[in-house]
file entry-v9.tsv (TSV, C-alpha atoms (C1' of nucleotides))
chain	number	residue	atom	x	y	z
A	1	MET	CA	28.97	-107.36	67.80
A	2	LYS	CA	27.51	-104.20	69.20
A	3	GLN	CA	24.74	-103.77	71.72
A	4	PRO	CA	21.26	-103.14	70.46
A	5	CYS	CA	20.16	-99.55	70.77
A	6	ALA	CA	16.88	-97.96	69.80
A	7	LEU	CA	16.95	-95.24	67.21
A	8	HIS	CA	15.07	-92.10	67.97
A	9	PRO	CA	11.45	-92.93	67.33
A	10	HIS	CA	10.39	-91.31	64.12
A	11	PRO	CA	8.23	-88.28	64.89
A	12	HIS	CA	6.43	-88.45	61.55
A	13	SER	CA	4.80	-91.73	60.68
A	14	HIS	CA	3.98	-92.29	57.08
A	15	ALA	CA	2.09	-95.53	57.02
A	16	HIS	CA	4.34	-97.57	54.79
A	17	ARG	CA	7.51	-95.66	55.41
A	18	LEU	CA	8.08	-97.57	58.60
A	19	ILE	CA	10.93	-99.99	58.62
A	20	GLN	CA	9.24	-103.15	57.55
A	21	PRO	CA	10.06	-106.44	55.98
A	22	PRO	CA	8.12	-107.31	52.83
A	23	LEU	CA	5.58	-109.25	54.87
A	24	ASN	CA	4.69	-108.71	58.50
A	25	GLU	CA	1.72	-109.37	60.74
A	26	LEU	CA	-0.14	-106.29	59.61
A	27	THR	CA	0.05	-107.00	55.91
A	28	GLU	CA	-0.80	-110.58	56.77
A	29	GLN	CA	-4.08	-109.37	58.21
A	30	LEU	CA	-4.86	-107.10	55.33
A	31	ARG	CA	-3.98	-109.79	52.86
A	32	ARG	CA	-6.99	-111.72	54.04
A	33	ARG	CA	-9.44	-108.90	53.59
A	34	ASP	CA	-11.03	-109.38	50.25
A	35	ARG	CA	-10.54	-106.51	47.94
A	36	LYS	CA	-11.97	-106.38	44.46
A	37	ILE	CA	-9.99	-106.27	41.28
A	38	THR	CA	-11.18	-102.92	39.99
A	39	ALA	CA	-10.51	-101.70	36.49
A	40	PRO	CA	-7.34	-99.77	37.38
A	41	ARG	CA	-6.03	-102.73	39.36
A	42	GLN	CA	-6.73	-105.03	36.45
A	43	ALA	CA	-4.91	-102.68	34.11
A	44	ILE	CA	-1.93	-102.41	36.42
A	45	LEU	CA	-1.65	-106.17	36.70
A	46	GLU	CA	-1.86	-106.35	32.93
A	47	VAL	CA	1.05	-103.94	32.57
A	48	LEU	CA	3.08	-105.93	35.03
A	49	ARG	CA	2.26	-109.09	33.14
A	50	ARG	CA	3.56	-107.59	29.93
A	51	HIS	CA	6.85	-106.29	31.28
A	52	GLN	CA	8.16	-108.93	33.60
A	53	HIS	CA	10.69	-106.79	35.32
A	54	PRO	CA	10.33	-104.56	38.31
A	55	LEU	CA	8.60	-101.34	37.29
A	56	THR	CA	8.21	-98.08	39.16
A	57	ASN	CA	4.86	-96.46	39.84
A	58	ARG	CA	5.65	-93.87	37.22
A	59	GLU	CA	6.62	-96.44	34.62
A	60	ILE	CA	3.45	-98.39	35.23
A	61	HIS	CA	1.39	-95.24	35.01
A	62	ALA	CA	3.04	-94.35	31.72
A	63	ALA	CA	2.43	-97.83	30.34
A	64	LEU	CA	-1.29	-97.81	31.13
A	65	GLY	CA	-2.22	-96.09	27.87
A	66	GLU	CA	-5.93	-96.63	27.22
A	67	SER	CA	-6.86	-97.45	30.76
A	68	GLU	CA	-5.10	-94.40	32.09
A	69	CYS	CA	-5.81	-93.45	35.67
A	70	ASP	CA	-4.38	-90.96	38.10
A	71	LEU	CA	-0.82	-91.49	39.30
A	72	ALA	CA	-2.08	-91.38	42.88
A	73	THR	CA	-4.36	-94.25	42.04
A	74	VAL	CA	-1.41	-96.23	40.77
A	75	TYR	CA	0.40	-95.59	44.03
A	76	ARG	CA	-2.63	-96.53	46.09
A	77	ASN	CA	-3.34	-99.64	44.11
A	78	LEU	CA	0.19	-100.93	44.14
A	79	ASN	CA	0.11	-100.67	47.91
A	80	THR	CA	-3.19	-102.49	47.94
A	81	LEU	CA	-2.01	-105.16	45.52
A	82	GLU	CA	1.06	-105.64	47.66
A	83	GLN	CA	-1.16	-106.20	50.69
A	84	MET	CA	-3.26	-108.59	48.69
A	85	GLY	CA	-0.10	-110.49	47.91
A	86	MET	CA	-0.45	-110.11	44.17
A	87	VAL	CA	2.56	-107.93	43.69
A	88	ARG	CA	5.96	-107.73	45.30
A	89	ARG	CA	7.78	-104.53	46.15
A	90	PHE	CA	11.50	-104.20	45.55
A	91	ASP	CA	13.91	-101.54	46.62
A	92	PHE	CA	17.02	-100.99	44.55
A	93	GLY	CA	18.17	-98.21	46.80
A	94	ASP	CA	17.61	-95.37	44.37
A	95	GLY	CA	14.67	-94.00	46.26
A	96	THR	CA	11.88	-95.31	44.05
A	97	ALA	CA	9.99	-98.50	44.68
A	98	ARG	CA	9.66	-101.13	41.99
A	99	PHE	CA	7.03	-103.81	41.61
A	100	GLU	CA	6.81	-107.26	40.12
A	101	LEU	CA	3.85	-109.47	39.46
A	102	LEU	CA	3.54	-112.36	41.88
A	103	ALA	CA	2.42	-115.74	40.60
A	104	GLU	CA	-0.39	-117.44	42.49
A	105	GLY	CA	0.97	-119.35	45.47
A	106	ASP	CA	4.43	-117.91	44.90
A	107	ASP	CA	5.85	-115.95	47.77
A	108	GLY	CA	8.02	-114.20	45.24
A	109	HIS	CA	11.15	-114.57	47.24
A	110	HIS	CA	14.06	-113.91	44.96
A	111	HIS	CA	16.65	-111.25	44.40
A	112	HIS	CA	18.04	-109.14	41.60
A	113	LEU	CA	21.32	-108.29	40.04
A	114	VAL	CA	21.26	-104.71	38.82
A	115	CYS	CA	23.75	-103.05	36.49
A	116	THR	CA	24.98	-99.87	38.09
A	117	ARG	CA	25.48	-98.19	34.75
A	118	CYS	CA	22.49	-99.08	32.56
A	119	SER	CA	20.06	-100.39	35.19
A	120	THR	CA	19.61	-103.70	33.44
A	121	VAL	CA	18.02	-106.11	35.87
A	122	VAL	CA	18.58	-109.85	36.01
A	123	GLU	CA	16.49	-111.98	38.28
A	124	VAL	CA	18.61	-114.18	40.49
A	125	ASP	CA	17.25	-117.55	41.43
A	126	GLY	CA	17.71	-119.20	44.74
A	127	CYS	CA	18.10	-117.64	48.13
A	128	PHE	CA	21.08	-117.96	50.32
A	129	SER	CA	20.06	-117.10	53.81
A	130	THR	CA	17.53	-119.46	55.30
A	131	GLU	CA	19.99	-121.07	57.61
A	132	VAL	CA	21.59	-117.73	58.28
A	133	GLU	CA	18.28	-116.39	59.49
A	134	ALA	CA	17.94	-119.34	61.81
A	135	ARG	CA	21.38	-118.59	63.19
A	136	LEU	CA	20.46	-114.96	63.74
A	137	ALA	CA	17.31	-116.01	65.52
A	138	ARG	CA	19.36	-118.15	67.88
A	139	THR	CA	22.08	-115.58	68.40
A	140	HIS	CA	19.97	-112.49	68.95
A	141	GLY	CA	16.60	-113.82	70.00
A	142	PHE	CA	14.85	-112.13	67.10
A	143	THR	CA	11.86	-113.84	65.58
A	144	GLN	CA	10.06	-113.61	62.26
A	145	ILE	CA	13.28	-112.81	60.51
A	146	THR	CA	13.20	-111.76	56.89
A	147	HIS	CA	15.76	-110.07	54.74
A	148	ARG	CA	16.26	-107.73	51.86
A	149	LEU	CA	19.08	-108.49	49.46
A	150	GLU	CA	20.03	-107.07	46.10
A	151	PHE	CA	23.19	-107.39	44.07
A	152	PHE	CA	24.82	-104.67	42.02
A	153	GLY	CA	27.47	-104.87	39.39
A	154	LEU	CA	28.55	-103.98	35.89
A	155	CYS	CA	26.81	-105.91	33.15
A	156	PRO	CA	28.83	-107.45	30.30
A	157	LYS	CA	27.68	-104.88	27.75
A	158	CYS	CA	28.56	-101.92	29.92
A	159	ALA	CA	31.86	-103.48	30.87
A	160	ALA	CA	32.69	-103.90	27.19
A	161	GLY	CA	31.33	-100.55	26.03
A	162	THR	CA	33.41	-98.48	28.41
B	163	MET	CA	15.74	-116.90	35.21
B	164	LYS	CA	14.50	-114.02	33.16
B	165	GLN	CA	16.21	-112.17	30.38
B	166	PRO	CA	17.92	-108.92	31.24
B	167	CYS	CA	15.97	-105.87	30.17
B	168	ALA	CA	16.88	-102.24	30.59
B	169	LEU	CA	14.57	-100.09	32.63
B	170	HIS	CA	13.54	-96.81	31.16
B	171	PRO	CA	16.49	-94.53	31.62
B	172	HIS	CA	15.71	-92.06	34.34
B	173	PRO	CA	14.90	-88.69	32.80
B	174	HIS	CA	15.90	-86.80	35.95
B	175	SER	CA	19.34	-87.48	37.28
B	176	HIS	CA	19.96	-86.58	40.86
B	177	ALA	CA	23.64	-87.25	41.32
B	178	HIS	CA	23.48	-89.87	44.04
B	179	ARG	CA	19.99	-91.11	43.35
B	180	LEU	CA	21.32	-93.39	40.64
B	181	ILE	CA	21.31	-97.05	41.37
B	182	GLN	CA	24.69	-97.55	42.87
B	183	PRO	CA	26.47	-100.00	45.07
B	184	PRO	CA	28.13	-98.53	48.15
B	185	LEU	CA	31.41	-98.20	46.28
B	186	ASN	CA	31.83	-97.85	42.54
B	187	GLU	CA	34.46	-96.50	40.21
B	188	LEU	CA	33.35	-92.94	40.61
B	189	THR	CA	33.46	-92.85	44.36
B	190	GLU	CA	36.73	-94.71	44.11
B	191	GLN	CA	38.14	-91.76	42.22
B	192	LEU	CA	36.75	-89.20	44.59
B	193	ARG	CA	37.97	-91.17	47.54
B	194	ARG	CA	41.50	-90.37	46.47
B	195	ARG	CA	40.97	-86.65	46.22
B	196	ASP	CA	42.14	-85.20	49.45
B	197	ARG	CA	39.49	-83.34	51.27
B	198	LYS	CA	40.06	-81.59	54.53
B	199	ILE	CA	38.43	-82.41	57.81
B	200	THR	CA	36.64	-79.14	58.41
B	201	ALA	CA	34.97	-78.24	61.67
B	202	PRO	CA	31.51	-79.50	60.71
B	203	ARG	CA	33.00	-82.72	59.40
B	204	GLN	CA	34.94	-83.15	62.59
B	205	ALA	CA	31.80	-82.59	64.62
B	206	ILE	CA	29.82	-85.05	62.54
B	207	LEU	CA	32.47	-87.72	62.96
B	208	GLU	CA	32.42	-86.99	66.67
B	209	VAL	CA	28.69	-87.56	66.84
B	210	LEU	CA	29.03	-90.80	64.94
B	211	ARG	CA	31.78	-91.87	67.29
B	212	ARG	CA	29.52	-91.31	70.28
B	213	HIS	CA	26.52	-93.19	68.99
B	214	GLN	CA	27.85	-96.23	67.26
B	215	HIS	CA	24.73	-97.10	65.42
B	216	PRO	CA	23.52	-95.93	62.06
B	217	LEU	CA	22.16	-92.39	62.34
B	218	THR	CA	20.13	-90.35	59.88
B	219	ASN	CA	21.17	-86.94	58.66
B	220	ARG	CA	18.50	-85.41	60.82
B	221	GLU	CA	19.57	-87.31	63.91
B	222	ILE	CA	23.15	-86.28	63.42
B	223	HIS	CA	22.13	-82.69	62.90
B	224	ALA	CA	20.11	-82.78	66.08
B	225	ALA	CA	23.01	-84.29	68.03
B	226	LEU	CA	25.50	-81.65	66.95
B	227	GLY	CA	24.57	-79.28	69.77
B	228	GLU	CA	27.37	-76.73	70.21
B	229	SER	CA	28.89	-77.19	66.79
B	230	GLU	CA	25.56	-76.79	65.08
B	231	CYS	CA	25.60	-76.29	61.36
B	232	ASP	CA	23.00	-76.20	58.65
B	233	LEU	CA	21.17	-79.41	57.85
B	234	ALA	CA	22.20	-79.03	54.21
B	235	THR	CA	25.79	-79.01	55.38
B	236	VAL	CA	25.23	-82.25	57.21
B	237	TYR	CA	23.83	-83.79	54.04
B	238	ARG	CA	26.70	-82.48	51.95
B	239	ASN	CA	29.33	-83.59	54.39
B	240	LEU	CA	27.97	-87.06	54.87
B	241	ASN	CA	28.14	-87.50	51.13
B	242	THR	CA	31.68	-86.21	51.18
B	243	LEU	CA	32.67	-88.36	54.11
B	244	GLU	CA	31.21	-91.35	52.35
B	245	GLN	CA	33.31	-90.58	49.30
B	246	MET	CA	36.33	-90.18	51.53
B	247	GLY	CA	35.62	-93.63	52.87
B	248	MET	CA	35.26	-92.45	56.45
B	249	VAL	CA	31.60	-93.21	56.76
B	250	ARG	CA	29.35	-95.93	55.44
B	251	ARG	CA	25.83	-95.40	54.16
B	252	PHE	CA	23.09	-97.87	55.01
B	253	ASP	CA	19.60	-98.17	53.67
B	254	PHE	CA	16.96	-99.78	55.85
B	255	GLY	CA	14.30	-99.28	53.24
B	256	ASP	CA	12.35	-96.61	55.07
B	257	GLY	CA	13.42	-93.86	52.72
B	258	THR	CA	16.05	-92.23	54.89
B	259	ALA	CA	19.74	-92.96	54.69
B	260	ARG	CA	21.70	-93.90	57.79
B	261	PHE	CA	25.41	-93.56	58.44
B	262	GLU	CA	28.00	-95.33	60.49
B	263	LEU	CA	31.54	-94.40	61.30
B	264	LEU	CA	34.11	-96.45	59.43
B	265	ALA	CA	37.28	-97.52	61.20
B	266	GLU	CA	40.56	-96.86	59.44
B	267	GLY	CA	41.35	-99.63	56.96
B	268	ASP	CA	37.96	-101.18	57.54
B	269	ASP	CA	35.80	-101.50	54.49
B	270	GLY	CA	32.84	-101.54	56.83
B	271	HIS	CA	31.24	-104.48	55.19
B	272	HIS	CA	28.66	-105.86	57.56
B	273	HIS	CA	24.92	-106.01	57.84
B	274	HIS	CA	22.19	-105.21	60.32
B	275	LEU	CA	19.27	-106.86	61.97
B	276	VAL	CA	16.53	-104.31	62.52
B	277	CYS	CA	13.48	-104.70	64.71
B	278	THR	CA	10.43	-103.90	62.67
B	279	ARG	CA	8.57	-102.60	65.69
B	280	CYS	CA	11.00	-100.53	67.74
B	281	SER	CA	13.79	-100.01	65.20
B	282	THR	CA	16.41	-101.48	67.49
B	283	VAL	CA	19.47	-102.24	65.40
B	284	VAL	CA	21.91	-105.07	65.98
B	285	GLU	CA	25.06	-105.27	63.97
B	286	VAL	CA	25.51	-108.65	62.38
B	287	ASP	CA	29.01	-109.93	61.94
B	288	GLY	CA	30.24	-111.89	59.02
B	289	CYS	CA	29.09	-111.80	55.46
B	290	PHE	CA	27.58	-114.65	53.60
B	291	SER	CA	27.85	-113.92	49.95
B	292	THR	CA	31.40	-113.77	48.71
B	293	GLU	CA	31.19	-117.06	46.91
B	294	VAL	CA	27.66	-116.26	45.80
B	295	GLU	CA	28.94	-113.14	44.11
B	296	ALA	CA	31.56	-115.19	42.33
B	297	ARG	CA	28.87	-117.51	41.12
B	298	LEU	CA	26.78	-114.62	39.85
B	299	ALA	CA	29.78	-113.25	38.03
B	300	ARG	CA	30.24	-116.58	36.27
B	301	THR	CA	26.57	-117.08	35.53
B	302	HIS	CA	25.68	-113.63	34.28
B	303	GLY	CA	28.97	-112.13	33.21
B	304	PHE	CA	28.60	-109.23	35.59
B	305	THR	CA	31.73	-107.79	37.15
B	306	GLN	CA	32.45	-105.68	40.21
B	307	ILE	CA	29.60	-107.29	42.04
B	308	THR	CA	28.58	-105.92	45.40
B	309	HIS	CA	25.44	-106.39	47.42
B	310	ARG	CA	23.14	-104.78	49.88
B	311	LEU	CA	21.67	-106.97	52.59
B	312	GLU	CA	19.69	-106.19	55.71
B	313	PHE	CA	17.72	-108.40	58.03
B	314	PHE	CA	14.44	-107.54	59.67
B	315	GLY	CA	12.64	-109.19	62.52
B	316	LEU	CA	10.97	-108.80	65.87
B	317	CYS	CA	13.34	-108.23	68.77
B	318	PRO	CA	12.93	-110.21	72.00
B	319	LYS	CA	11.54	-107.24	73.94
B	320	CYS	CA	8.92	-106.42	71.36
B	321	ALA	CA	8.00	-110.07	70.98
B	322	ALA	CA	7.47	-110.28	74.73
B	323	GLY	CA	5.78	-106.91	75.15
B	324	THR	CA	3.02	-107.56	72.64
C	325	DA	C1'	50.13	-58.05	54.45
C	326	DC	C1'	47.49	-58.88	49.73
C	327	DA	C1'	45.30	-60.86	46.16
C	328	DC	C1'	43.46	-65.04	44.15
C	329	DA	C1'	41.57	-69.71	43.38
C	330	DG	C1'	39.22	-73.31	45.30
C	331	DT	C1'	36.33	-75.09	48.98
C	332	DT	C1'	32.80	-74.77	52.21
C	333	DT	C1'	28.87	-72.81	54.46
C	334	DG	C1'	24.06	-70.88	55.40
C	335	DC	C1'	19.91	-69.96	53.55
C	336	DA	C1'	16.18	-70.34	50.63
C	337	DA	C1'	14.21	-72.56	47.01
C	338	DT	C1'	13.63	-76.74	44.30
C	339	DT	C1'	13.13	-81.54	42.97
C	340	DC	C1'	11.18	-85.91	43.42
C	341	DA	C1'	8.68	-89.82	45.39
C	342	DT	C1'	4.93	-90.59	47.99
C	343	DT	C1'	0.88	-89.72	50.76
C	344	DT	C1'	-3.42	-87.52	51.98
C	345	DG	C1'	-7.83	-84.62	52.32
C	346	DC	C1'	-11.84	-84.12	50.05
C	347	DA	C1'	-15.68	-84.36	47.10
C	348	DA	C1'	-17.71	-87.11	43.51
C	349	DC	C1'	-18.74	-92.00	42.23
C	350	DA	C1'	-19.85	-96.90	42.01
C	351	DA	C1'	-21.70	-101.12	43.78
C	352	DG	C1'	-23.99	-104.00	47.09
C	353	DG	C1'	-27.19	-104.55	50.60
C	354	DC	C1'	-31.63	-103.26	53.14
D	355	DG	C1'	-34.63	-95.30	46.74
D	356	DC	C1'	-31.14	-94.82	50.57
D	357	DC	C1'	-27.11	-95.97	53.16
D	358	DT	C1'	-22.55	-97.79	53.79
D	359	DT	C1'	-18.17	-98.84	52.08
D	360	DG	C1'	-14.44	-98.78	49.00
D	361	DT	C1'	-12.52	-96.16	44.90
D	362	DT	C1'	-11.14	-92.42	42.06
D	363	DG	C1'	-9.34	-87.77	40.42
D	364	DC	C1'	-7.47	-83.74	41.73
D	365	DA	C1'	-4.90	-80.68	44.27
D	366	DA	C1'	-2.27	-79.94	48.12
D	367	DA	C1'	0.92	-81.51	51.57
D	368	DT	C1'	4.89	-84.12	53.47
D	369	DG	C1'	9.52	-85.34	53.81
D	370	DA	C1'	14.14	-86.58	52.18
D	371	DA	C1'	17.59	-84.84	49.53
D	372	DT	C1'	19.75	-81.59	46.35
D	373	DT	C1'	21.09	-77.16	44.53
D	374	DG	C1'	21.89	-72.05	43.30
D	375	DC	C1'	23.93	-68.32	45.10
D	376	DA	C1'	26.42	-65.14	47.68
D	377	DA	C1'	29.23	-64.76	51.69
D	378	DA	C1'	32.97	-66.70	54.50
D	379	DC	C1'	37.01	-69.34	54.78
D	380	DT	C1'	41.47	-71.90	53.35
D	381	DG	C1'	45.80	-72.09	51.68
D	382	DT	C1'	49.32	-70.49	48.33
D	383	DG	C1'	52.14	-67.47	45.91
D	384	DT	C1'	54.00	-62.85	45.79

call {"tool": "encode", "arguments": {"input": "entry-v9.tsv", "output": "structure tokens"}}
result
Amino acid sequence: MKQPCALHPHPHSHAHRLIQPPLNELTEQLRRRDRKITAPRQAILEVLRRHQHPLTNREIHAALGESECDLATVYRNLNTLEQMGMVRRFDFGDGTARFELLAEGDDGHHHHLVCTRCSTVVEVDGCFSTEVEARLARTHGFTQITHRLEFFGLCPKCAAGT
Amino acid sequence: MKQPCALHPHPHSHAHRLIQPPLNELTEQLRRRDRKITAPRQAILEVLRRHQHPLTNREIHAALGESECDLATVYRNLNTLEQMGMVRRFDFGDGTARFELLAEGDDGHHHHLVCTRCSTVVEVDGCFSTEVEARLARTHGFTQITHRLEFFGLCPKCAAGT
DNA sequence: ACACAGTTTGCAATTCATTTGCAACAAGGC
DNA sequence: GCCTTGTTGCAAATGAATTGCAAACTGTGT
């Protein structure tokens, strides 16, 4: 196991572009600040309620229909809703964030299995790393350990249809 | 566990932006094509050999020094080297890819523990999901399952220095 | 040496996701 | 009413990554 070594500090610092686990101290603070459920936010939550699979900003924006608002507003509000803990961000590694509605009191911790051909997404239940995280904490002295885990594969249909 | 549901197919199709596991059939094909180790490629591998932690395209480009080449060339060659199986791409979720040198015969499968404050990276040995993948294959009928897993936390120094 | 095909490079321009500056707005206090 | 604060639309900017194109380079056959 290699020695730790700091990467070059990033010269540019886009607020949410920093390397961050889904929930850290900062978002924890913001989560407490009461924000209102404005019309656009309501509409976005509604869209997420309808499709219960991770959607991109653009997809959500497209699905708004009646209650259309600016794409920038969708971006801003999804960030806000994430901080409020009402929505969970996922990263499938294709460069665009995806969001899922978060049930009340649910920390939303689960993972996905994504088809690499047709992008079908299956939600995977259960999480496999709690004790692993504890081990890492012991081994490396890190605290507040979280993780990001997604599975990829070829779905039955795509495997057949080749 | 929810029903599978295809996302909207992406209208734009940047070659490597597709949702893909580190190694799929396509890269498997390309891996076999013999590509030469040109000067820039050599230099890039050299840089990766020096720093043995995941580096971004930009960091590598900056570290080239003497054997400077265009940043686009760095991007192109890291993609090529990845296809050749000489380099492994990692995604820490901050929007920029990072690369590590891959030892001969090593499939490079390991994960990282990243400090969310100072970006210190520790390589984590061992992988925890082989049997999980088998279970997913059984449960959902997916094949060729791979995964992407990174850990995040607060390193001892940052925890102390707060 | 010479020509030719295929690969690679530099450079500039482009794409795409995401963020941001700014002025106009809305709502809640005082 | 007026002031403060958060929100929105719009346009512009940022930043990673890709790409078109022409020039340079590689190796191969003659």

call {"tool": "residues_near_point", "arguments": {"input": "entry-v9.tsv", "point": "(28.5, -91.2, 67.0)", "cutoff": "12 Å", "atoms": "only C-alpha atoms (C1' of nucleotides)", "output": "list in words"}}
result
Gln204, Ala205, Ile206, Leu207, Glu208, Val209, Leu210, Arg211, Arg212, His213, Gln214, His215, Pro216, Leu217, Thr218, Asn219, Glu221, Ile222, His223, Ala224, Ala225, Leu226, Val249, Arg260, Phe261, Glu262, Leu263 and Leu264 of chain B

call {"tool": "atom_distance", "arguments": {"input": "entry-v9.tsv", "atom1": "C1' of DT368 in chain D", "atom2": "CA of Gly315 in chain B"}}
result
27.8 Å

call {"tool": "interface_residues", "arguments": {"input": "entry-v9.tsv", "of": "chain C", "to": "chain B", "cutoff": "9 Å", "atoms": "all atoms listed in the file", "output": "PyMOL selection string"}}
result
chain C and resi 332-335+339-340

call {"tool": "interface_residues", "arguments": {"input": "entry-v9.tsv", "of": "chain D", "to": "chain B", "cutoff": "9 Å", "atoms": "only C-alpha atoms (C1' of nucleotides)", "output": "list in words"}}
result
DA370, DA371 and DT372 of chain D

call {"tool": "residues_around", "arguments": {"input": "entry-v9.tsv", "residues": "DC346 in chain C", "least_positions_apart": "5", "cutoff": "12 Å", "atoms": "all atoms listed in the file", "output": "JSON, numbers by chain"}}
result
{"D": [362, 363, 364, 365, 366]}

call {"tool": "write_last_selection", "arguments": {"input": "entry-v9.tsv", "atoms": "C-alpha atoms (C1' of nucleotides)", "output": "compact mmCIF listing (two decimals), in the frame of the given file"}}
result
# COMPACT_ATOMS: atom_id res chain seq x y z
C1' DT D 362 -11.14 -92.42 42.06
C1' DG D 363 -9.34 -87.77 40.42
C1' DC D 364 -7.47 -83.74 41.73
C1' DA D 365 -4.90 -80.68 44.27
C1' DA D 366 -2.27 -79.94 48.12

call {"tool": "residues_around", "arguments": {"input": "entry-v9.tsv", "residues": "DT358 in chain D", "least_positions_apart": "2", "cutoff": "12 Å", "atoms": "only C-alpha atoms (C1' of nucleotides)", "output": "number ranges by chain"}}
result
C: 351-354; D: 356, 360

call {"tool": "axis_aligned_box", "arguments": {"input": "entry-v9.tsv", "around": "range 336-353 of chain C", "padding_each_side": "5 Å", "output": "AutoDock Vina command-line options"}}
result
--center_x -5.5 --center_y -87.4 --center_z 47.2 --size_x 53.4 --size_y 44.2 --size_z 20.3

call {"tool": "decode", "arguments": {"input": "entry-v9.tsv", "residues": "range 43-56 of chain A", "atoms": "N, CA, C and O atoms", "output": "compact mmCIF listing (two decimals), in the first residue's frame"}}
result
# COMPACT_ATOMS: atom_id res chain seq x y z
N ALA A 43 -41.92 21.47 -8.76
CA ALA A 43 -42.07 20.82 -10.07
C ALA A 43 -40.97 19.78 -10.28
O ALA A 43 -41.22 18.69 -10.79
N ILE A 44 -39.76 20.13 -9.89
CA ILE A 44 -38.65 19.20 -10.06
C ILE A 44 -38.87 17.95 -9.24
O ILE A 44 -38.70 16.82 -9.72
N LEU A 45 -39.30 18.13 -8.00
CA LEU A 45 -39.57 16.98 -7.14
C LEU A 45 -40.67 16.12 -7.76
O LEU A 45 -40.61 14.89 -7.70
N GLU A 46 -41.65 16.79 -8.35
CA GLU A 46 -42.75 16.08 -8.99
C GLU A 46 -42.23 15.20 -10.13
O GLU A 46 -42.58 14.02 -10.24
N VAL A 47 -41.37 15.76 -10.93
CA VAL A 47 -40.77 15.00 -12.04
C VAL A 47 -40.02 13.79 -11.50
O VAL A 47 -40.18 12.67 -11.98
N LEU A 48 -39.26 14.02 -10.47
CA LEU A 48 -38.48 12.92 -9.89
C LEU A 48 -39.41 11.86 -9.30
O LEU A 48 -39.08 10.67 -9.31
N ARG A 49 -40.55 12.32 -8.80
CA ARG A 49 -41.48 11.35 -8.22
C ARG A 49 -42.06 10.47 -9.32
O ARG A 49 -42.25 9.28 -9.14
N ARG A 50 -42.32 11.09 -10.47
CA ARG A 50 -42.89 10.32 -11.58
C ARG A 50 -41.90 9.27 -12.07
O ARG A 50 -42.17 8.08 -12.05
N HIS A 51 -40.75 9.73 -12.57
CA HIS A 51 -39.73 8.76 -12.98
C HIS A 51 -38.95 8.40 -11.74
O HIS A 51 -38.34 9.27 -11.14
N GLN A 52 -38.93 7.12 -11.36
CA GLN A 52 -38.13 6.87 -10.17
C GLN A 52 -36.79 6.24 -10.49
O GLN A 52 -36.39 5.24 -9.90
N HIS A 53 -36.13 6.89 -11.43
CA HIS A 53 -34.78 6.47 -11.74
C HIS A 53 -33.93 7.71 -11.88
O HIS A 53 -34.46 8.77 -12.18
N PRO A 54 -32.65 7.57 -11.67
CA PRO A 54 -31.80 8.76 -11.68
C PRO A 54 -31.94 9.52 -13.00
O PRO A 54 -31.80 8.93 -14.06
N LEU A 55 -32.22 10.80 -12.91
CA LEU A 55 -32.37 11.64 -14.09
C LEU A 55 -31.31 12.73 -14.11
O LEU A 55 -30.90 13.22 -13.06
N THR A 56 -30.91 13.13 -15.29
CA THR A 56 -29.95 14.22 -15.41
C THR A 56 -30.69 15.55 -15.34
O THR A 56 -31.89 15.62 -15.52
